[in-house]
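Here's protein.cif, which has mmCIF, C-alpha atoms and all ligand atoms:
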data_structure
loop_
_atom_site.group_PDB
_atom_site.id
_atom_site.type_symbol
_atom_site.label_atom_id
_atom_site.label_comp_id
_atom_site.auth_asym_id
_atom_site.auth_seq_id
_atom_site.Cartn_x
_atom_site.Cartn_y
_atom_site.Cartn_z
ATOM 1 C CA MET N 1 -11.306 3.747 16.087
ATOM 2 C CA SER N 2 -9.252 0.971 14.553
ATOM 3 C CA VAL N 3 -9.741 -0.301 11.018
ATOM 4 C CA ILE N 4 -7.191 -3.107 10.907
ATOM 5 C CA GLN N 5 -5.880 -4.791 13.983
ATOM 6 C CA VAL N 6 -3.229 -7.498 13.990
ATOM 7 C CA THR N 7 -2.663 -9.579 17.103
ATOM 8 C CA ASP N 8 0.411 -11.634 17.908
ATOM 9 C CA LEU N 9 1.122 -12.484 14.267
ATOM 10 C CA LYS N 10 3.896 -14.961 13.611
ATOM 11 C CA LYS N 11 5.399 -15.935 10.290
ATOM 12 C CA SER N 12 8.678 -17.789 9.762
ATOM 13 C CA TYR N 13 10.589 -18.736 6.659
ATOM 14 C CA GLY N 14 12.755 -21.616 7.765
ATOM 15 C CA GLY N 15 14.742 -20.178 10.645
ATOM 16 C CA ILE N 16 13.890 -16.541 9.851
ATOM 17 C CA HIS N 17 11.184 -15.012 12.003
ATOM 18 C CA ALA N 18 9.790 -12.404 9.621
ATOM 19 C CA LEU N 19 6.929 -11.759 12.063
ATOM 20 C CA SER N 20 7.653 -12.666 15.654
ATOM 21 C CA GLY N 21 4.471 -11.816 17.543
ATOM 22 C CA CYS N 22 3.411 -8.605 15.863
ATOM 23 C CA SER N 23 0.488 -6.669 17.368
ATOM 24 C CA MET N 24 -0.597 -3.327 15.913
ATOM 25 C CA THR N 25 -3.654 -1.155 15.469
ATOM 26 C CA PHE N 26 -4.153 0.963 12.366
ATOM 27 C CA GLU N 27 -6.502 3.896 12.758
ATOM 28 C CA ASP N 28 -9.581 4.257 10.621
ATOM 29 C CA LYS N 29 -9.696 7.171 8.159
ATOM 30 C CA ALA N 30 -6.115 8.075 9.018
ATOM 31 C CA ILE N 31 -2.878 8.036 7.056
ATOM 32 C CA ASN N 32 -0.884 5.434 8.992
ATOM 33 C CA GLY N 33 2.868 5.269 8.352
ATOM 34 C CA LEU N 34 4.660 1.951 8.868
ATOM 35 C CA ILE N 35 8.418 2.224 9.158
ATOM 36 C CA GLY N 36 11.302 0.061 10.300
ATOM 37 C CA PRO N 37 14.745 -1.065 9.149
ATOM 38 C CA ASN N 38 15.221 -3.332 6.128
ATOM 39 C CA GLY N 39 14.043 -6.843 6.918
ATOM 40 C CA SER N 40 11.939 -5.791 9.930
ATOM 41 C CA GLY N 41 8.846 -7.492 8.468
ATOM 42 C CA LYS N 42 6.825 -4.645 6.902
ATOM 43 C CA THR N 43 6.193 -6.309 3.539
ATOM 44 C CA THR N 44 5.526 -9.641 5.239
ATOM 45 C CA LEU N 45 2.906 -7.910 7.404
ATOM 46 C CA PHE N 46 1.268 -6.495 4.246
ATOM 47 C CA ASN N 47 1.389 -9.958 2.639
ATOM 48 C CA VAL N 48 -0.276 -11.571 5.628
ATOM 49 C CA ILE N 49 -2.964 -8.874 5.947
ATOM 50 C CA THR N 50 -3.833 -9.103 2.247
ATOM 51 C CA GLY N 51 -3.750 -12.906 2.018
ATOM 52 C CA TYR N 52 -0.620 -13.262 -0.134
ATOM 53 C CA GLU N 53 1.032 -15.177 2.711
ATOM 54 C CA THR N 54 -0.581 -17.202 5.481
ATOM 55 C CA ALA N 55 0.282 -16.500 9.095
ATOM 56 C CA ASP N 56 1.706 -19.309 11.232
ATOM 57 C CA SER N 57 -0.383 -17.971 14.111
ATOM 58 C CA GLY N 58 -2.108 -14.804 15.313
ATOM 59 C CA GLN N 59 -5.072 -12.803 14.019
ATOM 60 C CA VAL N 60 -5.942 -10.099 11.532
ATOM 61 C CA SER N 61 -9.226 -8.265 11.933
ATOM 62 C CA LEU N 62 -10.941 -5.671 9.793
ATOM 63 C CA ARG N 63 -13.365 -3.451 11.713
ATOM 64 C CA GLY N 64 -13.696 -6.158 14.334
ATOM 65 C CA GLN N 65 -14.291 -8.948 11.818
ATOM 66 C CA ASP N 66 -11.768 -11.789 11.654
ATOM 67 C CA ILE N 67 -10.081 -11.963 8.242
ATOM 68 C CA THR N 68 -7.044 -14.052 9.247
ATOM 69 C CA ASN N 69 -5.699 -16.021 6.278
ATOM 70 C CA ALA N 70 -8.500 -14.917 3.940
ATOM 71 C CA LYS N 71 -7.593 -15.232 0.235
ATOM 72 C CA PRO N 72 -6.343 -12.159 -1.649
ATOM 73 C CA ASP N 73 -9.629 -11.894 -3.589
ATOM 74 C CA GLU N 74 -11.669 -12.058 -0.400
ATOM 75 C CA VAL N 75 -9.525 -9.405 1.248
ATOM 76 C CA PHE N 76 -9.874 -7.230 -1.830
ATOM 77 C CA GLU N 77 -13.629 -7.741 -1.787
ATOM 78 C CA GLN N 78 -13.649 -6.520 1.815
ATOM 79 C CA GLY N 79 -12.347 -3.209 0.509
ATOM 80 C CA ILE N 80 -8.599 -3.525 1.110
ATOM 81 C CA GLY N 81 -6.435 -2.576 -1.884
ATOM 82 C CA ARG N 82 -2.642 -2.685 -2.080
ATOM 83 C CA THR N 83 0.387 -1.938 -4.204
ATOM 84 C CA PHE N 84 3.588 -3.975 -4.292
ATOM 85 C CA GLN N 85 7.150 -3.015 -3.425
ATOM 86 C CA ILE N 86 8.072 -4.102 -6.963
ATOM 87 C CA THR N 87 5.495 -2.464 -9.167
ATOM 88 C CA ARG N 88 3.257 -4.910 -11.020
ATOM 89 C CA ILE N 89 2.151 -3.440 -14.321
ATOM 90 C CA PHE N 90 1.940 -4.879 -17.842
ATOM 91 C CA PRO N 91 4.807 -3.122 -19.631
ATOM 92 C CA ARG N 92 3.712 -3.976 -23.200
ATOM 93 C CA LEU N 93 0.126 -2.772 -22.817
ATOM 94 C CA THR N 94 -0.937 0.858 -22.993
ATOM 95 C CA VAL N 95 -1.715 2.810 -19.851
ATOM 96 C CA LEU N 96 -5.454 2.569 -20.511
ATOM 97 C CA GLU N 97 -5.249 -1.163 -21.296
ATOM 98 C CA ASN N 98 -3.437 -1.687 -18.022
ATOM 99 C CA VAL N 99 -6.293 -0.142 -16.072
ATOM 100 C CA HIS N 100 -8.767 -2.278 -18.072
ATOM 101 C CA VAL N 101 -6.896 -5.473 -17.259
ATOM 102 C CA ALA N 102 -6.823 -4.479 -13.605
ATOM 103 C CA ALA N 103 -10.577 -3.902 -13.718
ATOM 104 C CA GLN N 104 -11.096 -7.317 -15.291
ATOM 105 C CA ARG N 105 -9.019 -8.995 -12.631
ATOM 106 C CA GLN N 106 -11.300 -7.222 -10.207
ATOM 107 C CA GLY N 107 -14.206 -8.612 -12.252
ATOM 108 C CA PHE N 108 -16.380 -9.571 -9.327
ATOM 109 C CA VAL N 109 -16.384 -5.964 -8.188
ATOM 110 C CA ALA N 110 -17.280 -4.714 -11.659
ATOM 111 C CA GLN N 111 -20.054 -7.287 -11.866
ATOM 112 C CA ALA N 112 -21.438 -6.450 -8.473
ATOM 113 C CA ARG N 113 -21.583 -2.816 -9.483
ATOM 114 C CA GLY N 114 -23.162 -3.507 -12.844
ATOM 115 C CA TRP N 115 -20.300 -2.090 -14.881
ATOM 116 C CA ASP N 116 -20.437 -2.713 -18.615
ATOM 117 C CA SER N 117 -17.484 -1.981 -20.855
ATOM 118 C CA ALA N 118 -18.550 1.637 -21.399
ATOM 119 C CA ALA N 119 -18.880 2.253 -17.679
ATOM 120 C CA GLU N 120 -15.577 0.501 -17.154
ATOM 121 C CA ARG N 121 -13.836 2.668 -19.711
ATOM 122 C CA GLU N 122 -15.347 5.761 -18.139
ATOM 123 C CA ARG N 123 -14.174 4.686 -14.694
ATOM 124 C CA ALA N 124 -10.717 3.826 -16.083
ATOM 125 C CA MET N 125 -10.391 7.315 -17.564
ATOM 126 C CA GLU N 126 -11.680 8.818 -14.325
ATOM 127 C CA VAL N 127 -8.973 7.127 -12.257
ATOM 128 C CA LEU N 128 -6.281 8.047 -14.802
ATOM 129 C CA GLU N 129 -7.541 11.624 -14.640
ATOM 130 C CA PHE N 130 -7.357 11.460 -10.863
ATOM 131 C CA VAL N 131 -3.719 10.352 -10.801
ATOM 132 C CA GLY N 132 -2.808 12.701 -13.647
ATOM 133 C CA LEU N 133 -2.065 10.060 -16.299
ATOM 134 C CA ALA N 134 -5.096 10.580 -18.580
ATOM 135 C CA ARG N 135 -2.967 12.313 -21.190
ATOM 136 C CA LEU N 136 -0.723 9.234 -21.325
ATOM 137 C CA ALA N 137 -3.629 6.761 -21.711
ATOM 138 C CA PRO N 138 -2.546 5.588 -25.205
ATOM 139 C CA GLU N 139 1.159 5.284 -24.332
ATOM 140 C CA ILE N 140 2.901 1.960 -23.727
ATOM 141 C CA ALA N 141 3.082 1.493 -19.955
ATOM 142 C CA GLY N 142 6.669 0.202 -20.086
ATOM 143 C CA ASP N 143 7.742 3.569 -21.536
ATOM 144 C CA LEU N 144 6.515 5.498 -18.497
ATOM 145 C CA SER N 145 8.991 6.722 -15.919
ATOM 146 C CA TYR N 146 9.367 4.640 -12.789
ATOM 147 C CA GLY N 147 7.324 7.135 -10.760
ATOM 148 C CA GLN N 148 4.568 7.193 -13.379
ATOM 149 C CA GLN N 149 4.429 3.388 -13.261
ATOM 150 C CA LYS N 150 3.895 3.639 -9.514
ATOM 151 C CA LEU N 151 1.072 6.102 -10.152
ATOM 152 C CA LEU N 152 -0.427 3.681 -12.654
ATOM 153 C CA GLU N 153 -0.444 0.908 -10.080
ATOM 154 C CA PHE N 154 -2.030 3.338 -7.641
ATOM 155 C CA ALA N 155 -4.701 3.999 -10.301
ATOM 156 C CA PHE N 156 -5.427 0.240 -10.548
ATOM 157 C CA ILE N 157 -6.285 -0.156 -6.947
ATOM 158 C CA THR N 158 -8.503 2.931 -6.783
ATOM 159 C CA MET N 159 -10.718 1.492 -9.584
ATOM 160 C CA ALA N 160 -12.789 -0.488 -7.121
ATOM 161 C CA ARG N 161 -12.935 2.320 -4.535
ATOM 162 C CA PRO N 162 -11.305 0.457 -1.626
ATOM 163 C CA SER N 163 -11.843 1.855 1.860
ATOM 164 C CA VAL N 164 -8.317 0.894 2.960
ATOM 165 C CA ILE N 165 -5.207 1.217 0.782
ATOM 166 C CA LEU N 166 -1.838 -0.334 1.629
ATOM 167 C CA LEU N 167 1.123 1.204 -0.213
ATOM 168 C CA ASP N 168 4.511 -0.528 -0.132
ATOM 169 C CA GLU N 169 7.203 2.112 -0.734
ATOM 170 C CA PRO N 170 5.294 4.530 -2.980
ATOM 171 C CA ALA N 171 8.118 7.090 -2.865
ATOM 172 C CA GLY N 172 11.130 4.883 -3.626
ATOM 173 C CA GLY N 173 12.924 6.150 -6.737
ATOM 174 C CA VAL N 174 10.285 8.769 -7.513
ATOM 175 C CA ASN N 175 11.357 12.337 -8.413
ATOM 176 C CA PRO N 176 10.378 15.184 -6.027
ATOM 177 C CA SER N 177 7.654 16.761 -8.146
ATOM 178 C CA LEU N 178 5.949 13.421 -8.780
ATOM 179 C CA LEU N 179 6.370 12.695 -5.089
ATOM 180 C CA ARG N 180 4.405 15.814 -4.184
ATOM 181 C CA HIS N 181 1.762 14.740 -6.645
ATOM 182 C CA ILE N 182 1.523 11.290 -5.009
ATOM 183 C CA SER N 183 1.214 12.881 -1.526
ATOM 184 C CA ASP N 184 -1.504 15.114 -2.886
ATOM 185 C CA ARG N 185 -3.516 12.228 -4.287
ATOM 186 C CA ILE N 186 -3.173 10.303 -1.030
ATOM 187 C CA ARG N 187 -4.445 13.331 0.896
ATOM 188 C CA ALA N 188 -7.318 13.816 -1.553
ATOM 189 C CA LEU N 189 -8.521 10.224 -1.130
ATOM 190 C CA ASN N 190 -7.966 10.369 2.612
ATOM 191 C CA SER N 191 -10.157 13.482 2.847
ATOM 192 C CA GLU N 192 -12.924 11.366 1.261
ATOM 193 C CA GLY N 193 -12.524 8.869 4.108
ATOM 194 C CA VAL N 194 -10.043 6.365 2.633
ATOM 195 C CA THR N 195 -7.646 4.887 5.216
ATOM 196 C CA PHE N 196 -3.996 4.493 4.239
ATOM 197 C CA ILE N 197 -1.209 2.304 5.581
ATOM 198 C CA ILE N 198 2.055 3.383 3.993
ATOM 199 C CA VAL N 199 5.384 1.571 4.221
ATOM 200 C CA GLU N 200 8.134 3.984 3.277
ATOM 201 C CA HIS N 201 11.836 4.590 3.934
ATOM 202 C CA ASP N 202 11.668 8.270 2.879
ATOM 203 C CA MET N 203 11.304 9.812 6.353
ATOM 204 C CA GLU N 204 10.434 13.315 5.112
ATOM 205 C CA PHE N 205 7.606 11.852 3.075
ATOM 206 C CA VAL N 206 6.316 9.824 6.037
ATOM 207 C CA MET N 207 6.654 12.583 8.620
ATOM 208 C CA ARG N 208 4.901 15.176 6.439
ATOM 209 C CA LEU N 209 2.057 12.944 5.359
ATOM 210 C CA CYS N 210 1.145 10.614 8.196
ATOM 211 C CA ASP N 211 -1.188 11.132 11.162
ATOM 212 C CA GLN N 212 0.261 8.204 13.048
ATOM 213 C CA VAL N 213 3.563 6.360 12.589
ATOM 214 C CA LEU N 214 4.064 2.738 13.666
ATOM 215 C CA VAL N 215 7.543 1.274 13.925
ATOM 216 C CA MET N 216 8.519 -2.351 13.354
ATOM 217 C CA HIS N 217 11.736 -3.944 14.502
ATOM 218 C CA GLN N 218 12.731 -7.603 14.098
ATOM 219 C CA GLY N 219 9.227 -8.742 13.242
ATOM 220 C CA SER N 220 7.238 -6.987 15.905
ATOM 221 C CA ALA N 221 5.941 -3.571 16.953
ATOM 222 C CA LEU N 222 8.526 -1.291 18.556
ATOM 223 C CA THR N 223 6.447 1.826 19.161
ATOM 224 C CA SER N 224 3.816 4.094 17.601
ATOM 225 C CA GLY N 225 2.628 7.669 17.906
ATOM 226 C CA PRO N 226 2.454 11.062 16.209
ATOM 227 C CA PRO N 227 5.282 11.625 13.665
ATOM 228 C CA GLU N 228 7.237 14.102 15.804
ATOM 229 C CA GLN N 229 7.191 11.816 18.807
ATOM 230 C CA VAL N 230 8.337 8.781 16.848
ATOM 231 C CA ARG N 231 11.030 10.758 15.053
ATOM 232 C CA SER N 232 12.660 11.793 18.319
ATOM 233 C CA ASP N 233 12.291 8.436 20.039
ATOM 234 C CA PRO N 234 15.767 7.113 20.943
ATOM 235 C CA ALA N 235 14.561 3.491 20.657
ATOM 236 C CA VAL N 236 13.652 4.108 17.011
ATOM 237 C CA LEU N 237 17.036 5.592 16.206
ATOM 238 C CA GLU N 238 18.687 2.687 17.971
ATOM 239 C CA ALA N 239 16.674 0.159 15.928
ATOM 240 C CA TYR N 240 17.844 1.789 12.708
ATOM 241 C CA LEU N 241 21.460 2.158 13.771
ATOM 242 C CA GLY N 242 21.603 -1.334 15.186
ATOM 243 C CA THR N 243 20.874 -3.035 11.882
ATOM 244 C CA GLY N 244 23.364 -1.401 9.584
ATOM 245 C CA PRO N 245 23.087 1.203 6.842
ATOM 246 C CA LYS N 246 19.683 1.692 5.248
ATOM 247 C CA GLU N 247 18.914 2.017 1.593
ATOM 248 C CA GLY N 248 15.982 3.726 -0.032
ATOM 249 C CA SER N 249 14.538 0.579 -1.565
HETATM 250 N N1 LIG U 301 9.465 -15.412 0.856
HETATM 251 C C1 LIG U 301 10.444 -15.337 1.746
HETATM 252 N N2 LIG U 301 11.317 -16.354 1.927
HETATM 253 C C2 LIG U 301 12.314 -16.292 2.842
HETATM 254 N N3 LIG U 301 12.537 -15.217 3.630
HETATM 255 C C3 LIG U 301 11.710 -14.178 3.494
HETATM 256 C C4 LIG U 301 10.641 -14.158 2.549
HETATM 257 N N4 LIG U 301 9.988 -12.963 2.659
HETATM 258 C C5 LIG U 301 10.634 -12.277 3.592
HETATM 259 N N5 LIG U 301 11.673 -12.984 4.112
HETATM 260 C C6 LIG U 301 12.585 -12.548 5.190
HETATM 261 O O1 LIG U 301 11.788 -12.077 6.239
HETATM 262 C C7 LIG U 301 12.352 -10.895 6.827
HETATM 263 C C8 LIG U 301 11.377 -9.745 6.708
HETATM 264 O O2 LIG U 301 11.294 -9.367 5.339
HETATM 265 P P1 LIG U 301 10.330 -8.223 4.818
HETATM 266 O O3 LIG U 301 10.438 -8.239 3.337
HETATM 267 O O4 LIG U 301 8.987 -8.399 5.409
HETATM 268 O O5 LIG U 301 11.002 -6.907 5.432
HETATM 269 P P2 LIG U 301 10.742 -5.380 5.103
HETATM 270 O O6 LIG U 301 10.570 -4.706 6.420
HETATM 271 O O7 LIG U 301 9.660 -5.230 4.107
HETATM 272 O O8 LIG U 301 12.153 -4.940 4.490
HETATM 273 P P3 LIG U 301 12.479 -3.813 3.368
HETATM 274 O O9 LIG U 301 12.389 -2.507 4.070
HETATM 275 O O10 LIG U 301 13.887 -4.130 2.979
HETATM 276 O O11 LIG U 301 11.504 -3.969 2.235
HETATM 277 C C9 LIG U 301 13.676 -10.674 6.106
HETATM 278 O O12 LIG U 301 14.679 -11.309 6.836
HETATM 279 C C10 LIG U 301 13.456 -11.380 4.783
HETATM 280 O O13 LIG U 301 14.682 -11.799 4.217
HETATM 281 MG MG MG U 302 9.570 -4.485 2.191
#
Could the structure of this file be written out as structure tokens, please?
Amino acid sequence: MSVIQVTDLKKSYGGIHALSGCSMTFEDKAINGLIGPNGSGKTTLFNVITGYETADSGQVSLRGQDITNAKPDEVFEQGIGRTFQITRIFPRLTVLENVHVAAQRQGFVAQARGWDSAAERERAMEVLEFVGLARLAPEIAGDLSYGQQKLLEFAFITMARPSVILLDEPAGGVNPSLLRHISDRIRALNSEGVTFIIVEHDMEFVMRLCDQVLVMHQGSALTSGPPEQVRSDPAVLEAYLGTGPKEGS
């Protein structure tokens, strides 16, 4: 079954076709990998799905319901959470304060669920526990390592228990042991039924973790399938080789 389906999405910036008729189906309760060369439109697709950019044309649907060009808050309310390629934390606040601020920005969710400040604090500690940052709760967030900051952002979005989580390059610049920890947490949430869509250049990470891998090239879908099949697809290799050397960012 599909959870998010995009149909013929187009998005241009001046003369650049970031999305040039992109159609894809992300499977429900799966870990979906989304790969493609730099500039192939992955982040733009995330931005359009989550309402941070509007599509020029085409549709986005969530479990069959049209959510095309919904506002970020509305998309969030529908249970879609995301992280950003450039991590968005508050570097001068403590780790715990960061999670509190995130919860407040998600205020409508807290309200709907009847959270008071005690319940919110409890939930904040619970999510920090889950990602393994509870011990660092009183530390200044800007002092955390890059990988820990990514974990903190991951903690934010799990506060409201989204059913779909979009991660934009969770592994970039993260050390191997923290990387295993991140994979672990993704698997743990996935085993509780959370769907993931993960954009990542670290192929080992993607191939080990994902149930299905979708490939973008020049703003549209190139192919999709099980990791092993995609990895050995000559068209995928060609897409990567054809657009110059790739970096891990
Ligand atoms: N706000 C913007 N203004 C102008 N051009 C943009 C903007 N956002 C994206 N683009 C362009 O659209 C194309 C797709 O960019 P996008 O960031 O979606 O690619 P990506 O697949 O996420 O790449 P990467 O792997 O490097 O993160 C690129 O050519 C990019 O320069
Ligand atoms: Mg990107």
- With all atoms listed in the file as the basis for distance, which of N:Gly219, N:Gly51, N:Gly15, N:Pro91 is at the shortest distance from ligand MG 302 (chain U)?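 Of the candidates, the smallest distance to ligand MG 302 (chain U) is held by N:Gly219.
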- Message: Counting all atoms listed in the file, what are the residues, protein, DNA or RNA alike, that approach ligand LIG 301 (chain U) to within 10 Å? I want them as a count of residues only.
- Response: 40
- Task: Evaluate the PyMOL selection byres (((chain N and resi 21-28) around 8) and not hetatm) on the structure here and hand back the selected residues as a ChimeraX atom specification.
- Result: /N:1-10,19-20,29-32,58,195,197,214,219-221
Preceding selection exported with C-alpha atoms as a PDB file, in the coordinates of the input:
ATOM      1  CA  MET N   1     -11.306   3.747  16.087  1.00  0.00           C
ATOM      2  CA  SER N   2      -9.252   0.971  14.553  1.00  0.00           C
ATOM      3  CA  VAL N   3      -9.741  -0.301  11.018  1.00  0.00           C
ATOM      4  CA  ILE N   4      -7.191  -3.107  10.907  1.00  0.00           C
ATOM      5  CA  GLN N   5      -5.880  -4.791  13.983  1.00  0.00           C
ATOM      6  CA  VAL N   6      -3.229  -7.498  13.990  1.00  0.00           C
ATOM      7  CA  THR N   7      -2.663  -9.579  17.103  1.00  0.00           C
ATOM      8  CA  ASP N   8       0.411 -11.634  17.908  1.00  0.00           C
ATOM      9  CA  LEU N   9       1.122 -12.484  14.267  1.00  0.00           C
ATOM     10  CA  LYS N  10       3.896 -14.961  13.611  1.00  0.00           C
ATOM     11  CA  LEU N  19       6.929 -11.759  12.063  1.00  0.00           C
ATOM     12  CA  SER N  20       7.653 -12.666  15.654  1.00  0.00           C
ATOM     13  CA  LYS N  29      -9.696   7.171   8.159  1.00  0.00           C
ATOM     14  CA  ALA N  30      -6.115   8.075   9.018  1.00  0.00           C
ATOM     15  CA  ILE N  31      -2.878   8.036   7.056  1.00  0.00           C
ATOM     16  CA  ASN N  32      -0.884   5.434   8.992  1.00  0.00           C
ATOM     17  CA  GLY N  58      -2.108 -14.804  15.313  1.00  0.00           C
ATOM     18  CA  THR N 195      -7.646   4.887   5.216  1.00  0.00           C
ATOM     19  CA  ILE N 197      -1.209   2.304   5.581  1.00  0.00           C
ATOM     20  CA  LEU N 214       4.064   2.738  13.666  1.00  0.00           C
ATOM     21  CA  GLY N 219       9.227  -8.742  13.242  1.00  0.00           C
ATOM     22  CA  SER N 220       7.238  -6.987  15.905  1.00  0.00           C
ATOM     23  CA  ALA N 221       5.941  -3.571  16.953  1.00  0.00           C
TER      24      ALA N 221
END
- Given only C-alpha atoms as the counted atoms, nearest of N:Phe156, N:Tyr146, N:Phe130, N:Phe76 to Asp184 of chain N: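 Closest residue, counting only C-alpha atoms: N:Phe130.
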- Name the closest residue to Arg231 of chain N among the candidates N:His100, N:Gly33, N:Leu93, N:Asp56; distances are taken between atoms, counting only C-alpha atoms. N:Gly33
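Excluding Glu153 of chain N itself and same-chain residues fewer than 4 positions from it, the residues having an atom within 9 Å of it are N:Thr83, N:Phe84, N:Thr87, N:Arg88, N:Ile89, N:Asn98, N:Val99, N:Gln148, N:Gln149, N:Ile157, N:Thr158, counting all atoms listed in the file.
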- Query: If you count only C-alpha atoms, which residues fall within 9 Å of Phe90 of chain N, apart from same-chain ones fewer than 4 positions away, as a PyMOL selection string?
  - Reply: chain N and resi 94-95+97-98+101+141-142
- Task: Could you tell me which residues the PyMOL selection byres (((chain N and resi 131) around 12) and not hetatm) returns for this structure, as a ChimeraX atom specification?
- Result: /N:95,124-130,132-137,147-159,178-186,188-189
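Put simply, atom CA of Glu77 of chain N is 22.9 Å away from atom CA of Leu96 of chain N.
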